[in-house]
Amino acid sequence: MTEVTASVGTGFATTDMVLNIGPQHPATHGVLRLRLTLDGERVKACEPIIGYMHRGVEKLFEVRDYRQIIVLANRHDWLSAFSSELGVVLAVEDMLGMEVPERATWIRTLLAELNRVLNHLMFLGSYPLELGAITPIFYAFRERETIQEVMEEVSGGRMHYMFNRVGGLKEDIPAGWTGRASAAIATVRSRLAELEDLIFGNEIFRARTVGVGVLSPALVADYGVSGPIARASGLDMDLRRDEPYLAYGDLQDVLRVPVRSEGDCYARFAVLLEQTKVSLDLADACLERLAGLAPGPVNVRLPKILKAPEGSTYVWTENPLGLNGYYLVSRGEKTPWRLKLRSASFNNVAVLPEIVSDTVVADLVAILGSMFFVVGDIDK
């Protein structure tokens, strides 16, 4: 027996309709399914259904040693691979009480910020595309390729860099690379104004985003939302400033944390653009510091079999999409006993039903795209 809800408006009876969006839909970054309950064009309920990309990465961590888990850690958020693998090695180094060479610390910070730029440029180009604007993605991908070239040169990879190692980095940067990286940063910075004018100067974009999908500070706190989405709703929090790691403690004069109070789609997009500019400034500051460092090692010599001492630790990082946490438990073996991954996208999408309720279907895609998630980061 099926129950339906009927309502009577101006003499016409309507029945709620259940509509599935997905599990394969161009408006999502990955494979996500939304089960909507609609009253005409109005969304009455939304249930995100996840797990289509689940691969059990947290169990896979348990059967691979501390060198091998890096290859697993950088794949759940394919737009933030360097930052994701960085969090794992920081957790292992914390367990070992290991001090990483200064040169490696500054290179890690530099590459983490370049990776952040790559992540944000993807959303800066793809979000307008989801609203019907085709042109911005071509500009964004031009800038991404400029940064991608120097990232590929230094690491050998385009998406999954595999450049971090427990104790430092795989190898030092190539000769002359810092000059090419500096030129790439300057090029992207000079072109960002074109992308900004193209999108923010568009009255249709403003009409589709201003006042749409407002996320309140209370919901941010209740659902553990983080990253640019939370900062667009007034949460003034950034681990790089509040609990500095890597070289961020020495970059406080450069690090700015963009915060807005509106909490709508427009504010989330604006924060993303501002963070891109900040990351370019941080990358420049890292290059300047590297130029003044004497040549030295970029890693620590490790034993053939690496074992973490018995105990546990929790390390979190400010990834491009928000807070990534790594809870590592060791029993003194060469593999983790447990490694729990707290991914940013999971919490950011969990709040979606709260903010799409009572909106129209046309606004749903605008709100969904503005949550800036990667489905692999949700499913792990």
# chains A, B, ... in the order shown; residues from 1 in each chain; ligands from 1
call {"tool": "select_by_dssp", "arguments": {"residues": "range 57-184 of chain A", "states": "strand (DSSP E or B)", "output": "NGL selection string"}}
result
:A and (164-165 or 168-169)
call {"tool": "write_last_selection", "arguments": {"atoms": "all heavy atoms", "output": "PDB file, in the first residue's frame"}}
result
ATOM      1  N   ASN A 164      55.007  13.365  -1.504  1.00  0.00           N
ATOM      2  CA  ASN A 164      55.310  13.343  -0.079  1.00  0.00           C
ATOM      3  C   ASN A 164      55.850  11.984   0.324  1.00  0.00           C
ATOM      4  O   ASN A 164      55.488  10.951  -0.235  1.00  0.00           O
ATOM      5  CB  ASN A 164      54.053  13.642   0.734  1.00  0.00           C
ATOM      6  CG  ASN A 164      53.733  15.116   0.806  1.00  0.00           C
ATOM      7  OD1 ASN A 164      54.408  15.875   1.477  1.00  0.00           O
ATOM      8  ND2 ASN A 164      52.688  15.528   0.091  1.00  0.00           N
ATOM      9  N   ARG A 165      56.728  12.004   1.305  1.00  0.00           N
ATOM     10  CA  ARG A 165      57.246  10.788   1.910  1.00  0.00           C
ATOM     11  C   ARG A 165      57.276  10.997   3.431  1.00  0.00           C
ATOM     12  O   ARG A 165      57.370  12.142   3.892  1.00  0.00           O
ATOM     13  CB  ARG A 165      58.674  10.461   1.431  1.00  0.00           C
ATOM     14  CG  ARG A 165      58.796  10.151  -0.058  1.00  0.00           C
ATOM     15  CD  ARG A 165      58.137   8.825  -0.409  1.00  0.00           C
ATOM     16  NE  ARG A 165      58.381   8.466  -1.796  1.00  0.00           N
ATOM     17  CZ  ARG A 165      57.624   8.845  -2.818  1.00  0.00           C
ATOM     18  NH1 ARG A 165      56.576   9.634  -2.597  1.00  0.00           N
ATOM     19  NH2 ARG A 165      57.901   8.455  -4.056  1.00  0.00           N
ATOM     20  N   GLY A 168      59.683  13.735   4.763  1.00  0.00           N
ATOM     21  CA  GLY A 168      60.018  14.798   3.808  1.00  0.00           C
ATOM     22  C   GLY A 168      59.363  14.612   2.457  1.00  0.00           C
ATOM     23  O   GLY A 168      58.168  14.342   2.354  1.00  0.00           O
ATOM     24  N   LEU A 169      60.196  14.716   1.429  1.00  0.00           N
ATOM     25  CA  LEU A 169      59.712  14.647   0.056  1.00  0.00           C
ATOM     26  C   LEU A 169      60.476  13.589  -0.729  1.00  0.00           C
ATOM     27  O   LEU A 169      61.547  13.141  -0.325  1.00  0.00           O
ATOM     28  CB  LEU A 169      59.877  16.011  -0.635  1.00  0.00           C
ATOM     29  CG  LEU A 169      59.090  17.174  -0.020  1.00  0.00           C
ATOM     30  CD1 LEU A 169      59.590  18.496  -0.582  1.00  0.00           C
ATOM     31  CD2 LEU A 169      57.596  17.024  -0.293  1.00  0.00           C
TER      32      LEU A 169
END
call {"tool": "residues_around", "arguments": {"residues": "Tyr127 in chain A", "least_positions_apart": "6", "cutoff": "12 Å", "atoms": "only C-alpha atoms", "output": "number ranges by chain"}}
result
A: 26-29, 120-121, 133-137, 140, 199, 205, 208-209, 265-266, 268-270, 272-273, 365-373
call {"tool": "closest_atom_pairs", "arguments": {"of": "range 97-193 of chain A", "to": "range 317-330 of chain A", "cutoff": "12 Å", "atoms": "only C-alpha atoms", "output": "tab-separated table"}}
result
residue	atom	partner	partner_atom	distance
A:Thr109	CA	A:Glu318	CA	11.6
A:Ala112	CA	A:Asn319	CA	8.6
A:Glu113	CA	A:Pro320	CA	8.8
A:Leu114	CA	A:Pro320	CA	10.4
A:Asn115	CA	A:Pro320	CA	8.1
A:Arg116	CA	A:Pro320	CA	5.3
A:Val117	CA	A:Pro320	CA	8.4
A:Leu118	CA	A:Pro320	CA	9.3
A:Asn119	CA	A:Pro320	CA	6.7
A:His120	CA	A:Pro320	CA	7.4
A:Leu121	CA	A:Pro320	CA	10.9
A:Met122	CA	A:Pro320	CA	11.4
A:Phe123	CA	A:Leu321	CA	10.5
call {"tool": "write_last_selection", "arguments": {"atoms": "all heavy atoms", "output": "compact mmCIF listing (two decimals), in the first residue's frame"}}
result
# COMPACT_ATOMS: atom_id res chain seq x y z
N THR A 109 54.83 23.42 1.93
CA THR A 109 53.89 24.53 2.06
C THR A 109 53.61 25.16 0.71
O THR A 109 52.45 25.46 0.37
CB THR A 109 54.45 25.60 3.02
OG1 THR A 109 54.87 24.98 4.24
CG2 THR A 109 53.40 26.65 3.32
N ALA A 112 51.46 22.76 -1.37
CA ALA A 112 50.11 22.68 -0.83
C ALA A 112 49.27 23.87 -1.28
O ALA A 112 48.08 23.73 -1.60
CB ALA A 112 50.16 22.62 0.70
N GLU A 113 49.88 25.05 -1.35
CA GLU A 113 49.14 26.24 -1.79
C GLU A 113 48.90 26.22 -3.30
O GLU A 113 47.85 26.65 -3.77
CB GLU A 113 49.89 27.51 -1.38
CG GLU A 113 49.88 27.76 0.12
CD GLU A 113 48.48 27.72 0.72
OE1 GLU A 113 47.56 28.35 0.14
OE2 GLU A 113 48.29 27.06 1.75
N LEU A 114 49.85 25.72 -4.06
CA LEU A 114 49.62 25.58 -5.50
C LEU A 114 48.50 24.57 -5.76
O LEU A 114 47.67 24.75 -6.66
CB LEU A 114 50.90 25.15 -6.21
CG LEU A 114 52.03 26.19 -6.26
CD1 LEU A 114 53.25 25.62 -6.98
CD2 LEU A 114 51.57 27.47 -6.96
N ASN A 115 48.47 23.50 -4.97
CA ASN A 115 47.40 22.52 -5.09
C ASN A 115 46.05 23.14 -4.73
O ASN A 115 45.03 22.83 -5.34
CB ASN A 115 47.71 21.33 -4.18
CG ASN A 115 46.80 20.14 -4.42
OD1 ASN A 115 46.65 19.28 -3.55
ND2 ASN A 115 46.17 20.05 -5.58
N ARG A 116 46.05 24.04 -3.75
CA ARG A 116 44.82 24.74 -3.36
C ARG A 116 44.31 25.60 -4.52
O ARG A 116 43.11 25.67 -4.78
CB ARG A 116 45.08 25.60 -2.12
CG ARG A 116 43.81 26.05 -1.40
CD ARG A 116 44.17 26.92 -0.19
NE ARG A 116 45.15 26.30 0.67
CZ ARG A 116 44.84 25.46 1.66
NH1 ARG A 116 43.58 25.17 1.91
NH2 ARG A 116 45.79 24.92 2.41
N VAL A 117 45.23 26.25 -5.20
CA VAL A 117 44.85 27.06 -6.37
C VAL A 117 44.23 26.18 -7.45
O VAL A 117 43.20 26.54 -8.05
CB VAL A 117 46.08 27.82 -6.92
CG1 VAL A 117 45.73 28.52 -8.24
CG2 VAL A 117 46.59 28.83 -5.91
N LEU A 118 44.83 25.03 -7.71
CA LEU A 118 44.29 24.11 -8.71
C LEU A 118 42.87 23.68 -8.34
O LEU A 118 41.98 23.61 -9.19
CB LEU A 118 45.18 22.88 -8.83
CG LEU A 118 46.52 23.07 -9.55
CD1 LEU A 118 47.35 21.79 -9.46
CD2 LEU A 118 46.30 23.44 -11.00
N ASN A 119 42.67 23.35 -7.07
CA ASN A 119 41.34 22.94 -6.61
C ASN A 119 40.32 24.06 -6.82
O ASN A 119 39.25 23.83 -7.39
CB ASN A 119 41.44 22.56 -5.13
CG ASN A 119 40.09 22.22 -4.51
OD1 ASN A 119 39.26 23.10 -4.29
ND2 ASN A 119 39.88 20.96 -4.20
N HIS A 120 40.65 25.25 -6.37
CA HIS A 120 39.69 26.35 -6.43
C HIS A 120 39.39 26.76 -7.87
O HIS A 120 38.26 27.12 -8.20
CB HIS A 120 40.22 27.54 -5.64
CG HIS A 120 40.26 27.32 -4.16
ND1 HIS A 120 39.76 26.18 -3.56
CD2 HIS A 120 40.73 28.09 -3.14
CE1 HIS A 120 39.92 26.25 -2.26
NE2 HIS A 120 40.51 27.40 -1.97
N LEU A 121 40.39 26.72 -8.73
CA LEU A 121 40.16 27.08 -10.13
C LEU A 121 39.18 26.13 -10.80
O LEU A 121 38.39 26.54 -11.67
CB LEU A 121 41.47 27.12 -10.90
CG LEU A 121 42.36 28.35 -10.69
CD1 LEU A 121 43.72 28.15 -11.34
CD2 LEU A 121 41.69 29.60 -11.24
N MET A 122 39.22 24.86 -10.41
CA MET A 122 38.25 23.91 -10.97
C MET A 122 36.83 24.34 -10.64
O MET A 122 35.95 24.38 -11.52
CB MET A 122 38.54 22.51 -10.43
CG MET A 122 37.46 21.48 -10.78
SD MET A 122 37.29 21.22 -12.55
CE MET A 122 38.67 20.12 -12.82
N PHE A 123 36.57 24.69 -9.38
CA PHE A 123 35.22 25.09 -9.00
C PHE A 123 34.86 26.48 -9.54
O PHE A 123 33.70 26.74 -9.84
CB PHE A 123 35.07 25.05 -7.48
CG PHE A 123 35.07 23.66 -6.93
CD1 PHE A 123 36.17 23.16 -6.24
CD2 PHE A 123 33.98 22.82 -7.11
CE1 PHE A 123 36.18 21.87 -5.74
CE2 PHE A 123 33.97 21.53 -6.61
CZ PHE A 123 35.07 21.05 -5.92
call {"tool": "residues_around", "arguments": {"residues": "Met17 in chain A", "least_positions_apart": "4", "cutoff": "7 Å", "atoms": "only C-alpha atoms", "output": "VMD selection string"}}
result
chain A and resid 37 to 39
call {"tool": "closest_atom_pairs", "arguments": {"of": "range 79-191 of chain A", "to": "range 287-290 of chain A", "cutoff": "8 Å", "atoms": "only C-alpha atoms", "output": "JSON lines"}}
result
{"residue": "A:Arg103", "atom": "CA", "partner": "A:Leu290", "partner_atom": "CA", "distance": 7.2}
{"residue": "A:Trp106", "atom": "CA", "partner": "A:Leu290", "partner_atom": "CA", "distance": 6.9}
{"residue": "A:Ile107", "atom": "CA", "partner": "A:Leu290", "partner_atom": "CA", "distance": 7.7}
{"residue": "A:Leu110", "atom": "CA", "partner": "A:Leu287", "partner_atom": "CA", "distance": 7.2}
{"residue": "A:Thr178", "atom": "CA", "partner": "A:Leu287", "partner_atom": "CA", "distance": 6.6}
{"residue": "A:Ser182", "atom": "CA", "partner": "A:Leu287", "partner_atom": "CA", "distance": 7.3}
call {"tool": "residues_around", "arguments": {"residues": "range 347-363 of chain A", "least_positions_apart": "5", "cutoff": "8 Å", "atoms": "only C-alpha atoms", "output": "list of chain:residue names"}}
result
A:Glu41, A:Arg42, A:Val43, A:Lys44, A:Ala45, A:Cys46, A:Glu47, A:Pro48, A:Arg208, A:Val212, A:Gly213, A:Val214, A:Leu215, A:Leu219, A:Tyr223, A:Gly224, A:Val225, A:Ser226, A:Ile229, A:Leu368, A:Met371, A:Phe373
call {"tool": "atom_distance", "arguments": {"atom1": "CA of Glu274 in chain A", "atom2": "CA of Val31 in chain A"}}
result
28.4 Å
call {"tool": "closest_residue", "arguments": {"among": "A:Pro174, A:Gly156, A:Gly332, A:Pro258", "to": "Ser279 in chain A", "atoms": "only C-alpha atoms"}}
result
A:Pro258
call {"tool": "closest_atom_pairs", "arguments": {"of": "range 158-273 of chain A", "to": "range 56-75 of chain A", "cutoff": "10 Å", "atoms": "only C-alpha atoms", "output": "JSON lines"}}
result
{"residue": "A:Met159", "atom": "CA", "partner": "A:Arg75", "partner_atom": "CA", "distance": 8.7}
{"residue": "A:His160", "atom": "CA", "partner": "A:Asn74", "partner_atom": "CA", "distance": 6.2}
{"residue": "A:Tyr161", "atom": "CA", "partner": "A:Asn74", "partner_atom": "CA", "distance": 8.0}
{"residue": "A:Met162", "atom": "CA", "partner": "A:Val71", "partner_atom": "CA", "distance": 6.5}
{"residue": "A:Phe163", "atom": "CA", "partner": "A:Ile70", "partner_atom": "CA", "distance": 9.2}
{"residue": "A:Asn164", "atom": "CA", "partner": "A:Ile70", "partner_atom": "CA", "distance": 7.8}
{"residue": "A:Arg165", "atom": "CA", "partner": "A:Arg67", "partner_atom": "CA", "distance": 7.2}
{"residue": "A:Val166", "atom": "CA", "partner": "A:Arg67", "partner_atom": "CA", "distance": 7.1}
call {"tool": "write_last_selection", "arguments": {"atoms": "N, CA, C and O atoms", "output": "mmCIF file, in the first residue's frame"}}
result
data_model
loop_
_atom_site.group_PDB
_atom_site.id
_atom_site.type_symbol
_atom_site.label_atom_id
_atom_site.label_comp_id
_atom_site.auth_asym_id
_atom_site.auth_seq_id
_atom_site.Cartn_x
_atom_site.Cartn_y
_atom_site.Cartn_z
ATOM 1 N N MET A 159 47.710 14.415 -11.444
ATOM 2 C CA MET A 159 46.614 14.389 -10.458
ATOM 3 C C MET A 159 47.074 13.808 -9.131
ATOM 4 O O MET A 159 46.864 14.395 -8.084
ATOM 5 N N HIS A 160 47.674 12.643 -9.159
ATOM 6 C CA HIS A 160 48.119 11.955 -7.952
ATOM 7 C C HIS A 160 49.642 12.086 -7.872
ATOM 8 O O HIS A 160 50.379 11.293 -8.451
ATOM 9 N N TYR A 161 50.085 13.080 -7.117
ATOM 10 C CA TYR A 161 51.481 13.496 -7.206
ATOM 11 C C TYR A 161 52.453 12.503 -6.571
ATOM 12 O O TYR A 161 53.565 12.329 -7.045
ATOM 13 N N MET A 162 52.065 11.869 -5.478
ATOM 14 C CA MET A 162 52.948 10.919 -4.806
ATOM 15 C C MET A 162 54.322 11.525 -4.536
ATOM 16 O O MET A 162 55.346 10.893 -4.748
ATOM 17 N N PHE A 163 54.325 12.764 -4.074
ATOM 18 C CA PHE A 163 55.593 13.472 -3.871
ATOM 19 C C PHE A 163 55.983 13.531 -2.404
ATOM 20 O O PHE A 163 57.145 13.736 -2.078
ATOM 21 N N ASN A 164 55.007 13.365 -1.504
ATOM 22 C CA ASN A 164 55.310 13.343 -0.079
ATOM 23 C C ASN A 164 55.850 11.984 0.324
ATOM 24 O O ASN A 164 55.488 10.951 -0.235
ATOM 25 N N ARG A 165 56.728 12.004 1.305
ATOM 26 C CA ARG A 165 57.246 10.788 1.910
ATOM 27 C C ARG A 165 57.276 10.997 3.431
ATOM 28 O O ARG A 165 57.370 12.142 3.892
ATOM 29 N N VAL A 166 57.175 9.931 4.186
ATOM 30 C CA VAL A 166 57.357 10.051 5.628
ATOM 31 C C VAL A 166 58.772 10.570 5.866
ATOM 32 O O VAL A 166 59.748 9.949 5.457
#
call {"tool": "select_by_dssp", "arguments": {"residues": "range 61-273 of chain A", "states": "helix (DSSP H, G or I)", "output": "PyMOL selection string"}}
result
chain A and resi 61-63+69-73+81-96+102-130+135-155+177-200+203-209+217-223+228-231+239-242+248-250+265-273
